[in-house]
$ cat target.pdb   # PDB, C-alpha atoms
ATOM      1  CA  MET A 779     -36.492-116.680 286.198
ATOM      2  CA  GLU A 780     -37.027-116.593 282.489
ATOM      3  CA  ILE A 781     -39.601-119.343 282.604
ATOM      4  CA  GLY A 782     -41.814-117.295 284.921
ATOM      5  CA  GLN A 783     -41.721-114.438 282.426
ATOM      6  CA  LEU A 784     -42.592-116.718 279.560
ATOM      7  CA  VAL A 785     -45.441-118.482 281.341
ATOM      8  CA  GLY A 786     -46.855-115.174 282.542
ATOM      9  CA  PHE A 787     -46.645-113.793 279.047
ATOM     10  CA  GLY A 788     -48.421-116.830 277.626
ATOM     11  CA  VAL A 789     -51.258-116.752 280.150
ATOM     12  CA  MET A 790     -51.720-113.023 279.690
ATOM     13  CA  ALA A 791     -51.788-113.465 275.930
ATOM     14  CA  THR A 792     -54.392-116.222 276.279
ATOM     15  CA  VAL A 793     -56.641-113.938 278.315
ATOM     16  CA  PHE A 794     -56.286-111.195 275.699
ATOM     17  CA  ILE A 795     -57.013-113.555 272.847
ATOM     18  CA  LEU A 796     -60.082-114.990 274.578
ATOM     19  CA  PHE A 797     -61.347-111.490 275.235
ATOM     20  CA  ILE A 798     -60.761-110.175 271.726
ATOM     21  CA  ARG A 799     -61.896-113.271 269.867
ATOM     22  CA  GLN A 800     -65.452-112.784 271.141
ATOM     23  CA  GLN A 801     -65.628-109.341 269.574
ATOM     24  CA  ARG A 802     -63.301-109.594 266.572
ATOM     25  CA  PRO A 803     -62.353-113.142 265.586
ATOM     26  CA  GLU A 804     -59.969-111.994 262.825
ATOM     27  CA  ILE A 805     -57.885-109.796 265.115
ATOM     28  CA  GLY A 806     -57.846-112.569 267.720
ATOM     29  CA  GLN A 807     -56.363-114.895 265.126
ATOM     30  CA  LEU A 808     -53.671-112.389 264.193
ATOM     31  CA  LEU A 809     -52.961-111.835 267.879
ATOM     32  CA  SER A 810     -52.394-115.535 268.432
ATOM     33  CA  ILE A 811     -49.980-115.603 265.469
ATOM     34  CA  ALA A 812     -48.143-112.620 266.939
ATOM     35  CA  VAL A 813     -47.901-114.363 270.300
ATOM     36  CA  GLY A 814     -46.323-117.376 268.641
ATOM     37  CA  ILE A 815     -43.786-115.192 266.844
ATOM     38  CA  ILE A 816     -42.904-113.229 269.988
ATOM     39  CA  PHE A 817     -42.384-116.495 271.870
ATOM     40  CA  ILE A 818     -40.002-117.821 269.264
ATOM     41  CA  LEU A 819     -38.164-114.489 269.161
ATOM     42  CA  TYR A 820     -37.664-114.780 272.928
ATOM     43  CA  LEU A 821     -36.355-118.303 272.579
ATOM     44  CA  LEU A 822     -34.117-117.472 269.632
ATOM     45  CA  ASP A 823     -31.251-116.438 271.916
ATOM     46  CA  TYR A 824     -31.180-119.897 273.486
ATOM     47  CA  LEU A 825     -31.444-121.478 270.073
ATOM     48  CA  ARG A 826     -28.431-119.467 268.964
ATOM     49  CA  LEU A 827     -26.529-120.659 272.029
ATOM     50  CA  ILE A 828     -27.324-124.292 271.261
ATOM     51  CA  VAL A 829     -26.299-123.910 267.633
ATOM     52  CA  GLU A 830     -23.006-122.320 268.667
ATOM     53  CA  ILE A 831     -22.288-125.172 271.082
ATOM     54  CA  ILE A 832     -23.073-127.763 268.435
ATOM     55  CA  SER A 833     -20.803-125.946 265.970
ATOM     56  CA  GLU A 834     -17.967-125.897 268.481
ATOM     57  CA  LEU A 835     -18.357-129.596 269.224
ATOM     58  CA  ALA A 836     -18.384-130.373 265.520
ATOM     59  CA  LEU A 837     -15.248-128.294 265.067
ATOM     60  CA  LYS A 838     -13.511-130.270 267.815
ATOM     61  CA  ALA A 839     -14.654-133.577 266.359
ATOM     62  CA  GLU A 840     -13.462-132.396 262.929
ATOM     63  CA  VAL A 841     -16.767-133.126 261.243
ATOM     64  CA  ASN A 842     -16.945-132.103 257.609
ATOM     65  CA  ALA A 843     -18.223-128.505 257.458
ATOM     66  CA  VAL A 844     -20.641-129.377 254.657
ATOM     67  CA  PHE A 845     -22.414-131.905 256.851
ATOM     68  CA  LEU A 846     -22.807-129.488 259.726
ATOM     69  CA  ARG A 847     -24.127-126.715 257.505
ATOM     70  CA  THR A 848     -26.625-129.058 255.906
ATOM     71  CA  LEU A 849     -27.719-130.310 259.315
ATOM     72  CA  LEU A 850     -28.325-126.786 260.603
ATOM     73  CA  ARG A 851     -30.204-125.856 257.465
ATOM     74  CA  VAL A 852     -32.426-128.895 257.784
ATOM     75  CA  ILE A 853     -33.204-128.002 261.384
ATOM     76  CA  GLY A 854     -33.997-124.411 260.388
ATOM     77  CA  ILE A 855     -36.319-125.489 257.603
ATOM     78  CA  ALA A 856     -38.043-127.948 259.914
ATOM     79  CA  TYR A 857     -38.620-125.242 262.528
ATOM     80  CA  LEU A 858     -39.969-122.768 259.996
ATOM     81  CA  ALA A 859     -42.253-125.272 258.287
ATOM     82  CA  GLU A 860     -43.571-126.544 261.606
ATOM     83  CA  PHE A 861     -44.262-123.006 262.775
ATOM     84  CA  GLY A 862     -46.098-122.015 259.594
ATOM     85  CA  ALA A 863     -48.090-125.229 259.524
ATOM     86  CA  GLN A 864     -49.079-124.729 263.157
ATOM     87  CA  ILE A 865     -50.367-121.228 262.416
ATOM     88  CA  CYS A 866     -52.430-122.504 259.505
ATOM     89  CA  ARG A 867     -53.813-125.349 261.594
ATOM     90  CA  ASP A 868     -54.775-122.925 264.351
ATOM     91  CA  ALA A 869     -56.739-120.937 261.798
ATOM     92  CA  GLY A 870     -58.564-124.124 260.810
ATOM     93  CA  GLU A 871     -56.832-124.577 257.448
ATOM     94  CA  GLY A 872     -55.529-128.107 257.767
ATOM     95  CA  ASN A 873     -55.099-128.378 253.999
ATOM     96  CA  VAL A 874     -52.684-125.473 253.740
ATOM     97  CA  ALA A 875     -50.811-126.785 256.783
ATOM     98  CA  LEU A 876     -50.338-130.139 255.074
ATOM     99  CA  LYS A 877     -49.025-128.412 251.955
ATOM    100  CA  ILE A 878     -46.547-126.400 254.004
ATOM    101  CA  GLU A 879     -45.309-129.543 255.719
ATOM    102  CA  PHE A 880     -44.981-131.262 252.372
ATOM    103  CA  ALA A 881     -42.996-128.321 251.004
ATOM    104  CA  GLY A 882     -40.703-128.469 254.025
ATOM    105  CA  LYS A 883     -40.086-132.188 253.548
ATOM    106  CA  LEU A 884     -39.339-131.675 249.880
ATOM    107  CA  MET A 885     -36.891-128.848 250.594
ATOM    108  CA  ILE A 886     -35.120-130.975 253.191
ATOM    109  CA  LEU A 887     -34.852-133.833 250.733
ATOM    110  CA  VAL A 888     -33.428-131.547 248.044
ATOM    111  CA  MET A 889     -30.922-130.137 250.529
ATOM    112  CA  THR A 890     -29.745-133.583 251.667
ATOM    113  CA  ILE A 891     -29.379-135.152 248.237
ATOM    114  CA  PRO A 892     -25.650-134.212 247.943
ATOM    115  CA  ILE A 893     -24.957-136.106 251.196
ATOM    116  CA  LEU A 894     -26.980-139.062 249.957
ATOM    117  CA  ILE A 895     -24.894-139.101 246.796
ATOM    118  CA  MET A 896     -21.685-138.958 248.845
ATOM    119  CA  VAL A 897     -22.850-141.935 250.909
ATOM    120  CA  LEU A 898     -23.710-143.885 247.779
ATOM    121  CA  GLU A 899     -20.327-143.079 246.239
ATOM    122  CA  SER A 900     -18.438-144.245 249.300
ATOM    123  CA  ILE A 901     -20.486-147.474 249.331
ATOM    124  CA  VAL A 902     -19.631-148.009 245.687
ATOM    125  CA  ASN A 903     -15.956-147.394 246.544
ATOM    126  CA  ILE A 904     -16.032-149.929 249.356
ATOM    127  CA  ILE A 905     -17.622-152.629 247.240
ATOM    128  CA  PRO A 906     -15.010-153.679 244.672
TER     129      PRO A 906
ATOM    130  CA  MET B 726     -46.078-105.529 270.804
ATOM    131  CA  LEU B 727     -48.642-107.830 272.374
ATOM    132  CA  PHE B 728     -50.242-104.909 274.203
ATOM    133  CA  GLN B 729     -50.238-102.891 271.003
ATOM    134  CA  ILE B 730     -52.161-105.519 269.082
ATOM    135  CA  ALA B 731     -54.519-106.299 271.950
ATOM    136  CA  GLY B 732     -55.128-102.580 272.451
ATOM    137  CA  ILE B 733     -55.934-102.081 268.788
ATOM    138  CA  GLY B 734     -58.339-105.020 268.919
ATOM    139  CA  ILE B 735     -60.217-103.740 271.967
ATOM    140  CA  PHE B 736     -60.205-100.166 270.682
ATOM    141  CA  ILE B 737     -61.664-101.194 267.352
ATOM    142  CA  SER B 738     -64.338-103.392 268.849
ATOM    143  CA  VAL B 739     -65.450-100.517 271.088
ATOM    144  CA  LEU B 740     -65.465 -98.020 268.216
ATOM    145  CA  ASN B 741     -67.361-100.555 266.151
ATOM    146  CA  ILE B 742     -70.098-100.828 268.754
ATOM    147  CA  VAL B 743     -70.337 -97.025 268.935
ATOM    148  CA  LEU B 744     -70.583 -96.698 265.165
ATOM    149  CA  LYS B 745     -73.202 -99.416 264.967
ATOM    150  CA  GLN B 746     -75.242 -97.678 267.652
ATOM    151  CA  ALA B 747     -75.044 -94.483 265.615
ATOM    152  CA  GLY B 748     -76.409 -96.393 262.633
ATOM    153  CA  LYS B 749     -73.266 -96.125 260.473
ATOM    154  CA  GLU B 750     -72.874 -99.719 259.367
ATOM    155  CA  GLU B 751     -70.703 -98.846 256.363
ATOM    156  CA  GLN B 752     -68.139 -96.973 258.403
ATOM    157  CA  ALA B 753     -68.083 -99.732 261.016
ATOM    158  CA  GLN B 754     -67.213-102.196 258.275
ATOM    159  CA  MET B 755     -64.432 -99.940 256.980
ATOM    160  CA  LEU B 756     -63.100 -99.495 260.493
ATOM    161  CA  THR B 757     -62.887-103.231 260.951
ATOM    162  CA  LEU B 758     -60.992-103.530 257.689
ATOM    163  CA  VAL B 759     -58.528-100.800 258.679
ATOM    164  CA  GLY B 760     -57.966-102.443 262.050
ATOM    165  CA  VAL B 761     -57.253-105.798 260.483
ATOM    166  CA  VAL B 762     -54.809-104.235 258.030
ATOM    167  CA  ILE B 763     -52.945-102.374 260.777
ATOM    168  CA  VAL B 764     -52.653-105.497 262.911
ATOM    169  CA  LEU B 765     -51.572-107.472 259.855
ATOM    170  CA  LEU B 766     -48.772-104.969 259.243
ATOM    171  CA  LEU B 767     -47.580-105.336 262.833
ATOM    172  CA  VAL B 768     -47.615-109.116 262.569
ATOM    173  CA  LEU B 769     -45.772-108.946 259.253
ATOM    174  CA  GLN B 770     -42.997-106.904 260.855
ATOM    175  CA  LEU B 771     -42.642-109.513 263.566
ATOM    176  CA  LEU B 772     -42.640-112.300 261.001
ATOM    177  CA  ALA B 773     -39.936-110.607 258.929
ATOM    178  CA  ASP B 774     -37.853-110.203 262.084
ATOM    179  CA  LEU B 775     -38.270-113.876 262.924
ATOM    180  CA  PHE B 776     -37.348-115.024 259.419
ATOM    181  CA  ALA B 777     -34.261-112.821 259.328
ATOM    182  CA  ASN B 778     -33.125-114.179 262.685
ATOM    183  CA  ILE B 779     -33.663-117.808 261.735
ATOM    184  CA  ARG B 780     -31.867-117.197 258.457
ATOM    185  CA  VAL B 781     -28.847-115.823 260.318
ATOM    186  CA  ILE B 782     -28.763-118.580 262.948
ATOM    187  CA  PHE B 783     -29.142-121.554 260.646
ATOM    188  CA  ASN B 784     -27.407-119.773 257.743
ATOM    189  CA  LEU B 785     -30.106-120.653 255.261
ATOM    190  CA  TYR B 786     -29.767-119.365 251.698
TER     191      TYR B 786
END
$ encode --input "target.pdb" --output "structure tokens"
Amino acid sequence: MEIGQLVGFGVMATVFILFIRQQRPEIGQLLSIAVGIIFILYLLDYLRLIVEIISELALKAEVNAVFLRTLLRVIGIAYLAEFGAQICRDAGEGNVALKIEFAGKLMILVMTIPILIMVLESIVNIIP
Amino acid sequence: MLFQIAGIGIFISVLNIVLKQAGKEEQAQMLTLVGVVIVLLLVLQLLADLFANIRVIFNLY
């Protein structure tokens, strides 16, 4: 029962954070960041599984490898940006969180521009 | 890892109270700083681990 482990871990971490935040707010903040990271590290195995399955399916469907790689990269960037922004928002820095999200969006846009250009080219080819 | 960080936090808050009772405000301040730095190092290790893993899975870069 993995979910029992995870929920227990989360509740325990919450108790610790509540306890420590009264005495030392800064260490409580760092502890909550660490809890988030440990959670994602736990879940990374499942994430890897999902990515492998998606890759296999794409291989069977003979999707262009460039598309798949770009898709995975976009998902990775989105996860990372969301995680960082969440940490900043937890610490009460909504401004920095917004900047991180903006940076993530920009990076995704930059990464997907080649595909956009390919789409435009094929449209131009179709229209005589 | 979680227990490590929580333990450091509790340990430092207790030591801080003791030092304050003994009238050593300066050292209490320094102790707090050292504690924060140690915990920050631990968190940084975790963060580096996470980034490396995500980089491998989604083959970024």
$ closest_residue --input "target.pdb" --among "A:Leu825, A:Lys877, A:Thr890, A:Ala869" --to "A:Val852" --atoms "only C-alpha atoms"
A:Thr890
$ atom_distance --input "target.pdb" --atom1 "atom CA of A:Ile895" --atom2 "atom CA of A:Leu850"
18.8 Å
$ residues_around --input "target.pdb" --residues "A:Leu821" --least-positions-apart "6" --cutoff "12 Å" --atoms "all atoms listed in the file" --output "PyMOL selection string"
(chain A and resi 780-781+783-784+814-815+827-828) or (chain B and resi 775+778-779)
$ resolve_selection --input "target.pdb" --expression "the PyMOL selection byres ((chain A) within 6 of (chain B))" --output "PyMOL selection string"
chain A and resi 812+850-851+854
$ atom_distance --input "target.pdb" --atom1 "atom CA of A:Ile893" --atom2 "atom CA of A:Phe880"
20.6 Å
$ atom_distance --input "target.pdb" --atom1 "atom CA of A:Leu819" --atom2 "atom CA of A:Val874"
23.9 Å
$ residues_around --input "target.pdb" --residues "A:Gln864" --least-positions-apart "2" --cutoff "10 Å" --atoms "all atoms listed in the file" --output "CSV table (one decimal) with C-alpha atoms, in the frame of the given file"
chain,number,residue,atom,x,y,z
A,811,ILE,CA,-50.0,-115.6,265.5
A,814,GLY,CA,-46.3,-117.4,268.6
A,858,LEU,CA,-40.0,-122.8,260.0
A,859,ALA,CA,-42.3,-125.3,258.3
A,860,GLU,CA,-43.6,-126.5,261.6
A,861,PHE,CA,-44.3,-123.0,262.8
A,862,GLY,CA,-46.1,-122.0,259.6
A,866,CYS,CA,-52.4,-122.5,259.5
A,867,ARG,CA,-53.8,-125.3,261.6
A,868,ASP,CA,-54.8,-122.9,264.4
A,869,ALA,CA,-56.7,-120.9,261.8
A,870,GLY,CA,-58.6,-124.1,260.8
A,871,GLU,CA,-56.8,-124.6,257.4
A,872,GLY,CA,-55.5,-128.1,257.8
A,875,ALA,CA,-50.8,-126.8,256.8
A,876,LEU,CA,-50.3,-130.1,255.1
A,878,ILE,CA,-46.5,-126.4,254.0
A,879,GLU,CA,-45.3,-129.5,255.7
